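Structure file my_file_17.pdb (PDB, C-alpha atoms, pLDDT in the B column) follows.
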ATOM      1  CA  MET X   1    -161.051-122.259-156.838  1.00 76.00           C
ATOM      2  CA  PHE X   2    -162.621-123.616-153.676  1.00 90.00           C
ATOM      3  CA  THR X   3    -163.356-127.256-152.951  1.00 93.00           C
ATOM      4  CA  VAL X   4    -165.274-128.913-150.152  1.00 94.00           C
ATOM      5  CA  ASP X   5    -162.220-130.956-149.126  1.00 94.00           C
ATOM      6  CA  ASN X   6    -159.926-127.915-148.995  1.00 94.00           C
ATOM      7  CA  TYR X   7    -162.427-125.902-146.970  1.00 95.00           C
ATOM      8  CA  ILE X   8    -163.052-128.706-144.446  1.00 96.00           C
ATOM      9  CA  GLY X   9    -159.283-129.351-144.254  1.00 96.00           C
ATOM     10  CA  SER X  10    -158.732-125.659-143.505  1.00 95.00           C
ATOM     11  CA  ILE X  11    -161.245-125.810-140.654  1.00 97.00           C
ATOM     12  CA  LYS X  12    -159.512-128.868-139.170  1.00 97.00           C
ATOM     13  CA  THR X  13    -156.098-127.174-139.389  1.00 96.00           C
ATOM     14  CA  ASN X  14    -157.320-123.962-137.759  1.00 96.00           C
ATOM     15  CA  LEU X  15    -159.177-125.777-134.981  1.00 97.00           C
ATOM     16  CA  GLU X  16    -156.141-127.911-134.203  1.00 97.00           C
ATOM     17  CA  LYS X  17    -154.237-124.695-133.423  1.00 97.00           C
ATOM     18  CA  GLN X  18    -156.782-124.022-130.647  1.00 97.00           C
ATOM     19  CA  SER X  19    -156.761-127.529-129.114  1.00 98.00           C
ATOM     20  CA  ASP X  20    -154.288-126.811-126.313  1.00 98.00           C
ATOM     21  CA  LEU X  21    -156.235-123.729-125.223  1.00 97.00           C
ATOM     22  CA  LEU X  22    -159.543-125.613-125.265  1.00 98.00           C
ATOM     23  CA  VAL X  23    -158.132-128.607-123.357  1.00 98.00           C
ATOM     24  CA  SER X  24    -156.592-126.308-120.740  1.00 98.00           C
ATOM     25  CA  ASN X  25    -159.840-124.373-120.288  1.00 97.00           C
ATOM     26  CA  LEU X  26    -161.851-127.593-120.037  1.00 98.00           C
ATOM     27  CA  LYS X  27    -159.483-128.976-117.380  1.00 97.00           C
ATOM     28  CA  ASN X  28    -160.066-125.800-115.354  1.00 96.00           C
ATOM     29  CA  ILE X  29    -163.836-126.229-115.681  1.00 94.00           C
ATOM     30  CA  PHE X  30    -163.721-129.907-114.708  1.00 95.00           C
ATOM     31  CA  ALA X  31    -162.046-128.941-111.424  1.00 94.00           C
ATOM     32  CA  TYR X  32    -165.050-126.828-110.373  1.00 94.00           C
ATOM     33  CA  ASN X  33    -167.231-127.833-107.455  1.00 94.00           C
ATOM     34  CA  PHE X  34    -170.564-127.804-109.300  1.00 94.00           C
ATOM     35  CA  SER X  35    -173.757-126.896-107.466  1.00 93.00           C
ATOM     36  CA  ASN X  36    -176.051-129.802-106.592  1.00 92.00           C
ATOM     37  CA  ASP X  37    -178.820-127.923-108.446  1.00 93.00           C
ATOM     38  CA  ILE X  38    -177.082-128.593-111.793  1.00 95.00           C
ATOM     39  CA  ASP X  39    -178.397-131.587-113.733  1.00 96.00           C
ATOM     40  CA  LEU X  40    -176.314-131.268-116.894  1.00 97.00           C
ATOM     41  CA  LEU X  41    -173.784-129.154-118.767  1.00 97.00           C
ATOM     42  CA  ASP X  42    -174.363-127.718-122.233  1.00 96.00           C
ATOM     43  CA  PHE X  43    -171.262-126.702-124.158  1.00 97.00           C
ATOM     44  CA  SER X  44    -172.760-124.359-126.767  1.00 97.00           C
ATOM     45  CA  ALA X  45    -170.975-123.479-129.990  1.00 97.00           C
ATOM     46  CA  PHE X  46    -171.648-120.037-131.412  1.00 97.00           C
ATOM     47  CA  ILE X  47    -170.656-119.676-135.053  1.00 94.00           C
ATOM     48  CA  GLU X  48    -170.250-116.374-136.869  1.00 93.00           C
ATOM     49  CA  PRO X  49    -170.122-117.614-140.494  1.00 88.00           C
ATOM     50  CA  THR X  50    -169.414-114.272-142.154  1.00 86.00           C
ATOM     51  CA  ARG X  51    -166.238-113.851-140.069  1.00 91.00           C
ATOM     52  CA  PHE X  52    -165.470-117.594-139.777  1.00 94.00           C
ATOM     53  CA  GLU X  53    -165.413-117.393-135.991  1.00 95.00           C
ATOM     54  CA  LEU X  54    -166.305-119.976-133.388  1.00 97.00           C
ATOM     55  CA  SER X  55    -166.761-119.468-129.671  1.00 97.00           C
ATOM     56  CA  ILE X  56    -167.893-121.973-127.030  1.00 98.00           C
ATOM     57  CA  ARG X  57    -169.673-121.286-123.756  1.00 98.00           C
ATOM     58  CA  MET X  58    -170.645-123.749-121.036  1.00 97.00           C
ATOM     59  CA  PHE X  59    -174.081-123.435-119.439  1.00 97.00           C
ATOM     60  CA  SER X  60    -175.074-125.249-116.248  1.00 96.00           C
ATOM     61  CA  MET X  61    -178.659-126.439-116.624  1.00 96.00           C
ATOM     62  CA  ASP X  62    -181.447-128.105-114.663  1.00 95.00           C
ATOM     63  CA  LYS X  63    -183.860-130.746-116.012  1.00 93.00           C
ATOM     64  CA  GLU X  64    -186.424-128.060-116.880  1.00 93.00           C
ATOM     65  CA  ALA X  65    -183.979-126.586-119.431  1.00 92.00           C
ATOM     66  CA  ASN X  66    -183.266-123.554-117.235  1.00 93.00           C
ATOM     67  CA  GLU X  67    -179.812-122.218-116.581  1.00 94.00           C
ATOM     68  CA  VAL X  68    -178.749-122.669-112.963  1.00 94.00           C
ATOM     69  CA  PHE X  69    -177.162-119.684-111.225  1.00 92.00           C
ATOM     70  CA  ASN X  70    -175.350-119.488-107.920  1.00 85.00           C
ATOM     71  CA  GLU X  71    -177.770-117.286-106.011  1.00 79.00           C
ATOM     72  CA  GLY X  72    -176.419-118.104-102.581  1.00 74.00           C
ATOM     73  CA  ASN X  73    -173.424-116.819-100.723  1.00 72.00           C
ATOM     74  CA  ASP X  74    -171.475-120.068-101.074  1.00 77.00           C
ATOM     75  CA  THR X  75    -168.432-119.140-103.143  1.00 81.00           C
ATOM     76  CA  THR X  76    -167.143-122.727-103.033  1.00 87.00           C
ATOM     77  CA  VAL X  77    -169.698-123.969-105.589  1.00 91.00           C
ATOM     78  CA  PHE X  78    -170.102-123.064-109.246  1.00 93.00           C
ATOM     79  CA  ALA X  79    -173.318-122.449-111.142  1.00 91.00           C
ATOM     80  CA  GLY X  80    -173.871-120.294-114.204  1.00 92.00           C
ATOM     81  CA  SER X  81    -172.096-120.015-117.514  1.00 95.00           C
ATOM     82  CA  GLU X  82    -168.468-119.746-118.449  1.00 95.00           C
ATOM     83  CA  GLU X  83    -166.607-118.985-121.658  1.00 96.00           C
ATOM     84  CA  ILE X  84    -164.659-122.069-122.717  1.00 96.00           C
ATOM     85  CA  LEU X  85    -163.254-120.733-125.979  1.00 97.00           C
ATOM     86  CA  PRO X  86    -163.173-117.076-127.015  1.00 96.00           C
ATOM     87  CA  GLU X  87    -163.943-116.226-130.621  1.00 95.00           C
ATOM     88  CA  VAL X  88    -161.343-117.935-132.791  1.00 96.00           C
ATOM     89  CA  GLU X  89    -161.038-118.052-136.568  1.00 95.00           C
ATOM     90  CA  TYR X  90    -161.795-121.447-138.056  1.00 95.00           C
ATOM     91  CA  HIS X  91    -161.133-120.395-141.667  1.00 94.00           C
ATOM     92  CA  GLN X  92    -159.137-117.591-143.239  1.00 91.00           C
ATOM     93  CA  LEU X  93    -159.630-115.760-146.499  1.00 90.00           C
ATOM     94  CA  ASN X  94    -158.320-112.632-148.123  1.00 88.00           C
ATOM     95  CA  ASP X  95    -160.922-109.926-148.654  1.00 87.00           C
ATOM     96  CA  SER X  96    -160.552-110.420-152.412  1.00 90.00           C
ATOM     97  CA  GLN X  97    -161.706-114.043-152.044  1.00 91.00           C
ATOM     98  CA  LEU X  98    -164.872-113.399-150.047  1.00 90.00           C
ATOM     99  CA  ASP X  99    -167.357-113.017-152.913  1.00 91.00           C
ATOM    100  CA  ASP X 100    -166.103-116.141-154.685  1.00 92.00           C
ATOM    101  CA  PHE X 101    -166.081-118.097-151.448  1.00 94.00           C
ATOM    102  CA  PHE X 102    -169.630-117.161-150.469  1.00 93.00           C
ATOM    103  CA  GLU X 103    -170.826-118.097-153.958  1.00 94.00           C
ATOM    104  CA  PHE X 104    -169.067-121.475-153.564  1.00 95.00           C
ATOM    105  CA  TYR X 105    -170.558-121.880-150.076  1.00 94.00           C
ATOM    106  CA  GLU X 106    -174.088-121.103-151.249  1.00 94.00           C
ATOM    107  CA  GLN X 107    -173.808-123.667-154.048  1.00 94.00           C
ATOM    108  CA  ASN X 108    -172.524-126.341-151.625  1.00 95.00           C
ATOM    109  CA  GLU X 109    -174.326-125.418-148.419  1.00 93.00           C
ATOM    110  CA  GLU X 110    -176.246-128.707-148.105  1.00 94.00           C
ATOM    111  CA  THR X 111    -172.942-130.591-148.148  1.00 94.00           C
ATOM    112  CA  LEU X 112    -170.882-128.116-146.144  1.00 95.00           C
ATOM    113  CA  VAL X 113    -173.084-127.468-143.102  1.00 93.00           C
ATOM    114  CA  PRO X 114    -173.233-131.119-141.942  1.00 94.00           C
ATOM    115  CA  GLN X 115    -169.505-131.525-142.589  1.00 96.00           C
ATOM    116  CA  GLU X 116    -168.685-128.353-140.650  1.00 95.00           C
ATOM    117  CA  GLN X 117    -170.799-129.529-137.719  1.00 95.00           C
ATOM    118  CA  LYS X 118    -169.134-132.940-137.808  1.00 97.00           C
ATOM    119  CA  VAL X 119    -165.644-131.381-137.728  1.00 97.00           C
ATOM    120  CA  PHE X 120    -166.537-128.989-134.881  1.00 98.00           C
ATOM    121  CA  THR X 121    -168.164-131.793-132.885  1.00 98.00           C
ATOM    122  CA  GLU X 122    -165.358-134.324-133.378  1.00 98.00           C
ATOM    123  CA  TRP X 123    -162.746-131.723-132.458  1.00 98.00           C
ATOM    124  CA  PHE X 124    -164.581-130.626-129.320  1.00 98.00           C
ATOM    125  CA  SER X 125    -165.249-134.222-128.304  1.00 98.00           C
ATOM    126  CA  GLN X 126    -161.561-135.138-128.689  1.00 98.00           C
ATOM    127  CA  CYS X 127    -160.492-132.145-126.606  1.00 98.00           C
ATOM    128  CA  TRP X 128    -163.165-132.959-123.995  1.00 98.00           C
ATOM    129  CA  GLU X 129    -161.823-136.517-123.713  1.00 97.00           C
ATOM    130  CA  LYS X 130    -158.196-135.340-123.607  1.00 97.00           C
ATOM    131  CA  ALA X 131    -159.089-132.955-120.774  1.00 97.00           C
ATOM    132  CA  GLY X 132    -160.598-135.809-118.756  1.00 96.00           C
ATOM    133  CA  GLY X 133    -164.274-135.204-119.468  1.00 96.00           C
ATOM    134  CA  ALA X 134    -165.166-138.852-118.889  1.00 92.00           C
ATOM    135  CA  SER X 135    -164.456-138.366-115.180  1.00 92.00           C
ATOM    136  CA  LEU X 136    -166.940-135.479-114.954  1.00 93.00           C
ATOM    137  CA  GLY X 137    -169.923-136.495-112.838  1.00 92.00           C
ATOM    138  CA  LEU X 138    -172.512-134.547-114.844  1.00 96.00           C
ATOM    139  CA  PRO X 139    -174.117-135.460-118.167  1.00 96.00           C
ATOM    140  CA  SER X 140    -172.481-133.212-120.769  1.00 97.00           C
ATOM    141  CA  TYR X 141    -173.551-132.176-124.242  1.00 97.00           C
ATOM    142  CA  PHE X 142    -172.098-130.283-127.186  1.00 98.00           C
ATOM    143  CA  VAL X 143    -174.712-128.190-128.983  1.00 97.00           C
ATOM    144  CA  PHE X 144    -174.917-125.636-131.754  1.00 96.00           C
ATOM    145  CA  GLN X 145    -176.751-122.469-130.809  1.00 90.00           C
ATOM    146  CA  ASP X 146    -180.452-122.702-131.678  1.00 84.00           C
ATOM    147  CA  ASP X 147    -180.215-126.299-132.927  1.00 90.00           C
ATOM    148  CA  TYR X 148    -182.641-129.087-132.017  1.00 90.00           C
ATOM    149  CA  LYS X 149    -180.072-131.800-131.343  1.00 95.00           C
ATOM    150  CA  SER X 150    -177.221-132.323-128.897  1.00 96.00           C
ATOM    151  CA  PHE X 151    -174.113-134.465-128.984  1.00 97.00           C
ATOM    152  CA  ASP X 152    -173.967-136.600-125.828  1.00 97.00           C
ATOM    153  CA  LEU X 153    -170.282-136.411-124.903  1.00 97.00           C
ATOM    154  CA  LYS X 154    -170.449-139.342-122.463  1.00 95.00           C
ATOM    155  CA  ASN X 155    -172.178-141.727-124.893  1.00 95.00           C
ATOM    156  CA  ASN X 156    -170.630-140.316-128.081  1.00 95.00           C
ATOM    157  CA  LYS X 157    -173.893-139.958-130.000  1.00 96.00           C
ATOM    158  CA  TRP X 158    -176.390-137.381-131.233  1.00 96.00           C
ATOM    159  CA  ILE X 159    -179.698-137.131-129.435  1.00 96.00           C
ATOM    160  CA  ASP X 160    -182.818-135.031-129.832  1.00 94.00           C
ATOM    161  CA  ASP X 161    -182.699-132.139-127.352  1.00 89.00           C
ATOM    162  CA  GLU X 162    -185.884-133.317-125.661  1.00 89.00           C
ATOM    163  CA  GLU X 163    -184.122-136.534-124.538  1.00 92.00           C
ATOM    164  CA  LYS X 164    -181.720-134.705-122.257  1.00 92.00           C
ATOM    165  CA  TRP X 165    -184.511-132.937-120.397  1.00 87.00           C
ATOM    166  CA  SER X 166    -186.469-136.099-119.576  1.00 81.00           C
TER     167      SER X 166
END
Starting from the file, give its structure as structure tokens.
Amino acid sequence: MFTVDNYIGSIKTNLEKQSDLLVSNLKNIFAYNFSNDIDLLDFSAFIEPTRFELSIRMFSMDKEANEVFNEGNDTTVFAGSEEILPEVEYHQLNDSQLDDFFEFYEQNEETLVPQEQKVFTEWFSQCWEKAGGASLGLPSYFVFQDDYKSFDLKNNKWIDDEEKWS
């Protein structure tokens, strides 16, 4: 039998196992000499729900919502994208449990999706802070792939995507 609390608790437990790796990778990123063409950083979460996998990639962006690339010969500056967290499992099930779990998920999807996003966001935000993200000179956001909102890591609040481009 699956419950919302047990499922969300499982996600928290599995993410916590990845905290040290994420903090370490973020510290490495924060040490980069970012190109002056970069206006903001998007930390994008990619979720593979059928395999319960999460990966996070950082994109350096300009105010026109375009990714900035290092097209010059200056190897001392960074622009582009970088993997922050490789695919990691955020929930584990035996194959025999899959059908029952997906039935449970479908029945509770309206409750589960916002709770999942909250857990992922809070976890990333805590790791970002622990890694020293507040000292980063660029506006930084945590986003879910193909979503319309972003979590402003500096101001600790959700904003409409359009706000960060203005």
Separating CA of Leu112 in chain X from CA of Asn25 in chain X, to the nearest tenth of an Å, is a gap of 28.4 Å
For the structure provided, state which residues fall under the PyMOL selection byres ((chain X and resi 43) around 12), and present them as a VMD selection string.
-> chain X and resid 22 26 29 40 to 42 44 to 46 55 to 61 81 to 85 120 to 121 124 to 125 128 133 139 to 145 150 to 153
Polymer residues at most 8 Å from (-184.6, -132.3, -112.5) by all atoms listed in the file, as a list of chain:residue names |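 With a cut-off of 8 Å, the residues come to X:Asp39, X:Asp62, X:Lys63, X:Glu64, X:Trp165.
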Selected by the PyMOL selection byres ((chain X and resi 159) around 6) in the shown coordinates: which residues, as a list in words?
->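 Given this file, the PyMOL selection byres ((chain X and resi 159) around 6) evaluates to Lys149, Ser150, Trp158 and Asp160 of chain X.
Residue neighbourhood of Phe78 in chain X, excluding near-sequence residues (fewer than 2 positions): Ile29, Phe30, Ala31, Tyr32, Asn33, Phe34, Ser35, Asn36, Asp37, Ile38, Leu41, Met58, Phe59, Ser60, Met61, Val68, Phe69, Asn70, Glu71, Gly72, Asn73, Asp74, Thr75, Thr76, Gly80, Ser81 and Glu82 of chain X, at 12 Å, using only C-alpha atoms.
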The residue from X:Val77, X:Met1, X:Leu54, X:Ala134 with the smallest atom-to-atom distance to His91 in chain X, counting all atoms listed in the file, is X:Leu54
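Distances to Leu98 in chain X were evaluated for X:Ser10, X:Phe2, X:Lys17, X:Ser166 using all atoms listed in the file, and the minimum falls at X:Phe2.
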X:Glu129, X:Glu87, X:Glu163, X:Asp99: which is nearest Ser24 in chain X, counting only C-alpha atoms?
->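 For Ser24 in chain X, the nearest of the given residues is X:Glu129.
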Near Lys27 in chain X, within 8 Å and counting all atoms listed in the file, which residues show up once chain neighbours fewer than 4 positions away are dropped, as a list in words?
->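 Non-adjacent residues within range: Val23, Ala31, Ala131 and Gly132 of chain X.
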Find the residue from X:Asn156, X:Gln117, X:Ser96, X:Thr111 that sits nearest to Asp5 in chain X; use all atoms listed in the file when measuring.
->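 Counting all atoms listed in the file, the residue closest to Asp5 in chain X is X:Thr111.
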What does the distance from CA of Gly137 in chain X to CA of Asn155 in chain X come to in Å, to one decimal?
->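 Taking CA of Gly137 in chain X and CA of Asn155 in chain X, their separation equals 13.3 Å.
Put simply, the PyMOL selection byres ((chain X and resi 53) around 7) on this file hits Ile47, Glu48, Pro49, Arg51, Phe52, Leu54, Ser55, Glu87, Val88, Glu89 and Tyr90 of chain X.
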Å distance separating CA of Val119 in chain X from CA of Ser135 in chain X, one decimal place |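 Spanning CA of Val119 in chain X to CA of Ser135 in chain X is a straight-line distance of 23.6 Å.
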Find the residues around Phe102 in chain X up to 9 Å (all atoms listed in the file counted), leave out those fewer than 5 positions away in its own chain, and share them as number ranges by chain.
-> X: 50, 97, 107
If you count only C-alpha atoms, the residue of X:Ile11, X:Cys127, X:Val113, X:Ala79 closest to Leu93 in chain X turns out to be X:Ile11
